[in-house]
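Enquirer: My structure is stored as protein-v5.txt, with compact mmCIF, C-alpha atoms.
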# COMPACT_ATOMS: atom_id res chain seq x y z
CA ARG A 1 186.40 142.79 -77.21
CA LYS A 2 182.61 143.11 -77.52
CA VAL A 3 182.14 139.63 -76.05
CA ILE A 4 184.30 140.56 -73.06
CA MET A 5 182.35 143.81 -72.67
CA ARG A 6 179.07 141.86 -72.54
CA ASN A 7 180.42 139.38 -70.01
CA HIS A 8 181.96 142.09 -67.84
CA THR A 9 178.82 144.22 -67.68
CA ALA A 10 176.77 141.07 -67.01
CA SER A 11 178.99 140.38 -63.99
CA HIS A 12 177.89 143.75 -62.55
CA LEU A 13 174.24 142.83 -63.12
CA LEU A 14 174.85 139.42 -61.55
CA HIS A 15 176.44 141.01 -58.47
CA ARG A 16 173.41 143.28 -58.07
CA GLU A 17 170.96 140.37 -58.39
CA LEU A 18 172.92 138.16 -55.99
CA GLN A 19 172.51 140.85 -53.35
CA ALA A 20 168.84 141.37 -54.20
CA VAL A 21 168.03 137.65 -53.92
CA LEU A 22 170.50 136.46 -51.24
CA GLY A 23 171.14 139.63 -49.23
CA GLU A 24 173.83 142.30 -48.86
CA HIS A 25 176.32 139.74 -47.50
CA ALA A 26 176.67 138.27 -51.03
CA ARG A 27 179.72 140.24 -52.16
CA GLN A 28 182.21 139.69 -54.92
CA ALA A 29 185.17 137.54 -53.91
CA GLY A 30 186.77 137.20 -57.35
CA SER A 31 185.85 137.01 -61.00
CA LEU A 32 186.98 136.03 -64.46
CA VAL A 33 185.73 137.70 -67.61
CA ALA A 34 186.69 135.64 -70.66
CA PRO A 35 185.46 135.67 -74.25
CA ASP A 36 183.54 132.40 -73.80
CA ARG A 37 182.11 132.87 -70.28
CA LEU A 38 182.12 134.77 -67.04
CA ARG A 39 182.92 133.37 -63.62
CA PHE A 40 181.83 135.16 -60.46
CA ASP A 41 182.88 134.17 -56.93
CA PHE A 42 180.89 135.57 -54.03
CA THR A 43 180.44 135.22 -50.31
CA HIS A 44 177.53 133.03 -49.22
CA PRO A 45 177.42 130.22 -46.63
CA ARG A 46 175.51 127.54 -48.60
CA GLY A 47 174.53 126.34 -52.05
CA LEU A 48 171.81 128.16 -53.92
CA THR A 49 168.41 126.59 -54.50
CA SER A 50 166.92 126.17 -57.96
CA GLU A 51 164.45 128.92 -57.11
CA GLN A 52 167.22 131.32 -56.11
CA LEU A 53 169.18 130.59 -59.29
CA GLU A 54 166.06 131.13 -61.39
CA ALA A 55 165.32 134.44 -59.63
CA ILE A 56 168.91 135.65 -60.12
CA GLU A 57 168.97 134.68 -63.80
CA ALA A 58 165.54 136.26 -64.37
CA GLY A 59 166.63 139.47 -62.63
CA VAL A 60 169.76 139.78 -64.77
CA ASN A 61 167.74 139.17 -67.94
CA GLN A 62 165.14 141.73 -66.86
CA ALA A 63 167.92 144.31 -66.40
CA ILE A 64 169.15 143.43 -69.89
CA LEU A 65 165.66 143.84 -71.33
CA ASN A 66 165.28 147.17 -69.51
CA ASN A 67 168.22 148.32 -71.64
CA TYR A 68 169.69 150.50 -68.91
CA PRO A 69 172.32 153.01 -70.02
CA LEU A 70 175.80 152.83 -68.51
CA LYS A 71 177.54 155.94 -67.31
CA ILE A 72 181.27 156.11 -66.67
CA SER A 73 182.55 158.96 -64.54
CA PHE A 74 185.72 159.85 -62.68
CA LYS A 75 185.40 161.32 -59.20
CA PRO A 76 187.10 161.42 -55.82
CA LEU A 77 186.94 158.07 -54.01
CA GLN A 78 185.11 159.42 -50.97
CA LYS A 79 182.49 161.14 -53.16
CA ALA A 80 181.84 157.92 -55.11
CA ILE A 81 181.42 155.93 -51.89
CA ALA A 82 179.19 158.63 -50.39
CA GLU A 83 177.02 158.36 -53.53
CA GLY A 84 176.63 154.62 -52.93
CA ALA A 85 179.34 153.13 -55.13
CA MET A 86 180.32 149.62 -54.12
CA ALA A 87 184.05 149.29 -53.50
CA LEU A 88 185.64 145.87 -53.15
CA PHE A 89 187.45 145.33 -49.89
CA GLY A 90 191.13 144.62 -50.37
CA GLU A 91 191.28 146.60 -53.63
CA LYS A 92 193.66 149.54 -53.82
CA TYR A 93 192.01 152.73 -55.05
CA GLY A 94 193.60 156.05 -55.86
CA GLU A 95 192.19 159.42 -54.87
CA VAL A 96 190.21 159.58 -58.13
CA VAL A 97 188.22 156.50 -59.17
CA ARG A 98 186.33 155.25 -62.20
CA ASN A 99 182.66 154.90 -61.26
CA ILE A 100 180.29 152.76 -63.36
CA THR A 101 176.59 153.36 -62.85
CA ILE A 102 173.92 151.35 -64.60
CA GLY A 103 170.42 152.81 -64.93
CA GLU A 104 169.06 156.29 -65.12
CA PRO A 105 167.41 158.16 -63.48
CA GLU A 106 167.14 155.37 -60.89
CA ILE A 107 170.50 153.66 -60.44
CA TYR A 108 170.35 149.87 -60.73
CA SER A 109 174.06 149.22 -60.08
CA ASN A 110 176.85 151.49 -58.83
CA GLU A 111 180.41 150.12 -58.63
CA LEU A 112 184.00 151.23 -58.88
CA CYS A 113 185.51 149.48 -61.90
CA GLY A 114 188.29 149.91 -64.42
CA GLY A 115 187.03 147.34 -66.92
CA THR A 116 185.45 147.58 -70.34
CA HIS A 117 181.65 147.75 -70.65
CA VAL A 118 178.77 147.89 -73.11
CA ASP A 119 176.93 151.18 -73.67
CA GLU A 120 173.53 149.79 -72.68
CA THR A 121 172.53 146.57 -70.93
CA GLY A 122 170.50 145.47 -73.96
CA ASP A 123 173.81 145.01 -75.78
CA ILE A 124 174.39 141.90 -73.61
CA GLY A 125 171.62 139.94 -75.34
CA LEU A 126 170.88 136.93 -73.16
CA PHE A 127 172.33 135.75 -69.83
CA LEU A 128 172.30 132.09 -68.75
CA ILE A 129 173.73 130.53 -65.59
CA VAL A 130 175.65 127.40 -66.52
CA SER A 131 176.75 126.25 -63.05
CA GLU A 132 176.87 127.12 -59.36
CA GLY A 133 179.14 125.53 -56.78
CA SER A 134 181.57 125.94 -53.91
CA THR A 135 185.20 127.05 -54.22
CA ALA A 136 186.02 127.35 -50.50
CA ALA A 137 184.27 127.62 -47.15
CA GLY A 138 181.78 130.47 -47.46
CA ILE A 139 182.64 131.16 -51.12
CA ARG A 140 180.33 130.19 -54.00
CA ARG A 141 180.96 130.40 -57.75
CA ILE A 142 178.59 131.03 -60.62
CA GLU A 143 179.62 130.48 -64.22
CA ALA A 144 177.47 132.02 -66.93
CA VAL A 145 177.35 132.85 -70.62
CA THR A 146 175.97 135.82 -72.53
CA GLY A 147 175.20 136.87 -76.08
CA ARG A 148 176.14 134.40 -78.82
CA ALA A 149 177.43 131.79 -76.33
CA ALA A 150 174.06 131.89 -74.52
CA TYR A 151 172.20 131.55 -77.84
CA GLU A 152 174.38 128.57 -78.82
CA LEU A 153 173.71 126.94 -75.44
CA VAL A 154 169.96 127.36 -75.91
CA GLN A 155 170.23 125.82 -79.38
CA ARG A 156 172.20 122.81 -78.06
CA ARG A 157 169.66 122.25 -75.30
CA PHE A 158 166.68 122.53 -77.67
CA LYS A 159 168.36 120.05 -80.03
CA ALA A 160 168.89 117.60 -77.14
CA LEU A 161 165.25 118.05 -76.08
CA ARG A 162 164.04 117.38 -79.64
CA MET A 163 166.25 114.30 -79.93
CA ALA A 164 165.02 112.96 -76.58
CA SER A 165 161.39 113.57 -77.54
CA ASP A 166 161.94 111.76 -80.86
CA LEU A 167 163.48 108.78 -79.04
CA LEU A 168 160.58 108.71 -76.61
CA GLU A 169 158.06 109.21 -79.44
CA THR A 170 156.43 112.21 -77.79
CA SER A 171 156.38 115.98 -78.13
CA PRO A 172 158.92 118.15 -76.25
CA GLY A 173 156.04 119.51 -74.15
CA GLN A 174 155.07 115.99 -73.02
CA ILE A 175 158.57 114.63 -72.35
CA ILE A 176 158.37 114.86 -68.53
CA GLU A 177 155.11 112.91 -68.43
CA LYS A 178 156.54 110.31 -70.80
CA VAL A 179 159.69 109.83 -68.69
CA GLN A 180 157.60 109.58 -65.51
CA SER A 181 155.38 106.99 -67.17
CA LEU A 182 158.41 104.96 -68.26
CA LEU A 183 159.93 105.12 -64.79
CA GLU A 184 156.71 103.83 -63.24
With the file now loaded, output its structure as structure tokens.
Expert:
Amino acid sequence: RKVIMRNHTASHLLHRELQAVLGEHARQAGSLVAPDRLRFDFTHPRGLTSEQLEAIEAGVNQAILNNYPLKISFKPLQKAIAEGAMALFGEKYGEVVRNITIGEPEIYSNELCGGTHVDETGDIGLFLIVSEGSTAAGIRRIEAVTGRAAYELVQRRFKALRMASDLLETSPGQIIEKVQSLLE
């Protein structure tokens, strides 16, 4: 359950950063929160650049490091929307909604949501984007990992880097220069 809580709260942070980097048009179009990963579909007309992906990932990790508190409240739908809560189009909401705000006193994220969440963003640990691609015309998908899965991914990548540097008889910090030299 804790792994799902981390991934679910991270999807809220991701949504916020997508809008900050790409613009307000980048809105949730579907999601999956699983124990091993999160998947987030959003509206955007083209693939993301490496720079955009890096900015989004850095923004989510900064929100995690800021250790924002989460607040869950129940209020009338119209009041939540008037206070800036993001409601997903096509979703059915009752007269009273569950409002998740992240950050205090300044609100970082404000959404209507019935899912399970961490108490503070620092509980997420680490957030890494694994892939970005298209699912349909105008719909993009990001897959990411958090917490232990993110740590294990970092460890696998460091191991691969060390193995490659050993094969190339160079240090990990010099591997790019070595590969460029070999290619020339």
Enquirer: Write out as a ChimeraX atom specification which residues come within 10 Å of A:Met163 when counting all atoms listed in the file, dropping same-chain ones fewer than 6 positions away.
Expert: /A:157,169,172
Enquirer: For the residues selected in the previous step, produce a file with C-alpha atoms as a compact mmCIF listing (two decimals), in the coordinates of the input.
Expert:
# COMPACT_ATOMS: atom_id res chain seq x y z
CA ARG A 157 169.66 122.25 -75.30
CA GLU A 169 158.06 109.21 -79.44
CA PRO A 172 158.92 118.15 -76.25
Enquirer: Provide the atom CA of A:Ala82 to atom CA of A:Glu24 distance in Å, to one decimal place.
Expert: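 Between these atoms lies a distance of 17.3 Å.
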Enquirer: Out of A:Glu106, A:Arg46, A:His12, A:Val3, which residue has the shortest atom-to-atom distance to A:Thr135 when counting all atoms listed in the file?
Expert: A:Arg46
Enquirer: Need the shell around A:Leu48: protein/DNA/RNA residues with any atom at most 12 Å away, counting only C-alpha atoms. Skip same-chain ones fewer than 6 positions apart. Format as a PyMOL selection string?
Expert: chain A and resi 18+21-22+26+42+54-56+131-134+139-142
Enquirer: What does the distance between atom CA of A:Leu161 and atom CA of A:Ser181 come to in Å, to one decimal place?
Expert: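 That distance, rounded to one decimal, is 17.3 Å.
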Enquirer: Please measure the separation of atom CA of A:Ala80 and atom CA of A:Asp41, giving the value in Å to one decimal.
Expert: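 The value is 23.8 Å.
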Enquirer: Between A:Ile175, A:Leu53, A:Cys113, A:Val145, which has the minimum distance to A:Ala20 (counting only C-alpha atoms)?
Expert: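 That would be A:Leu53, the residue with the smallest distance to A:Ala20.
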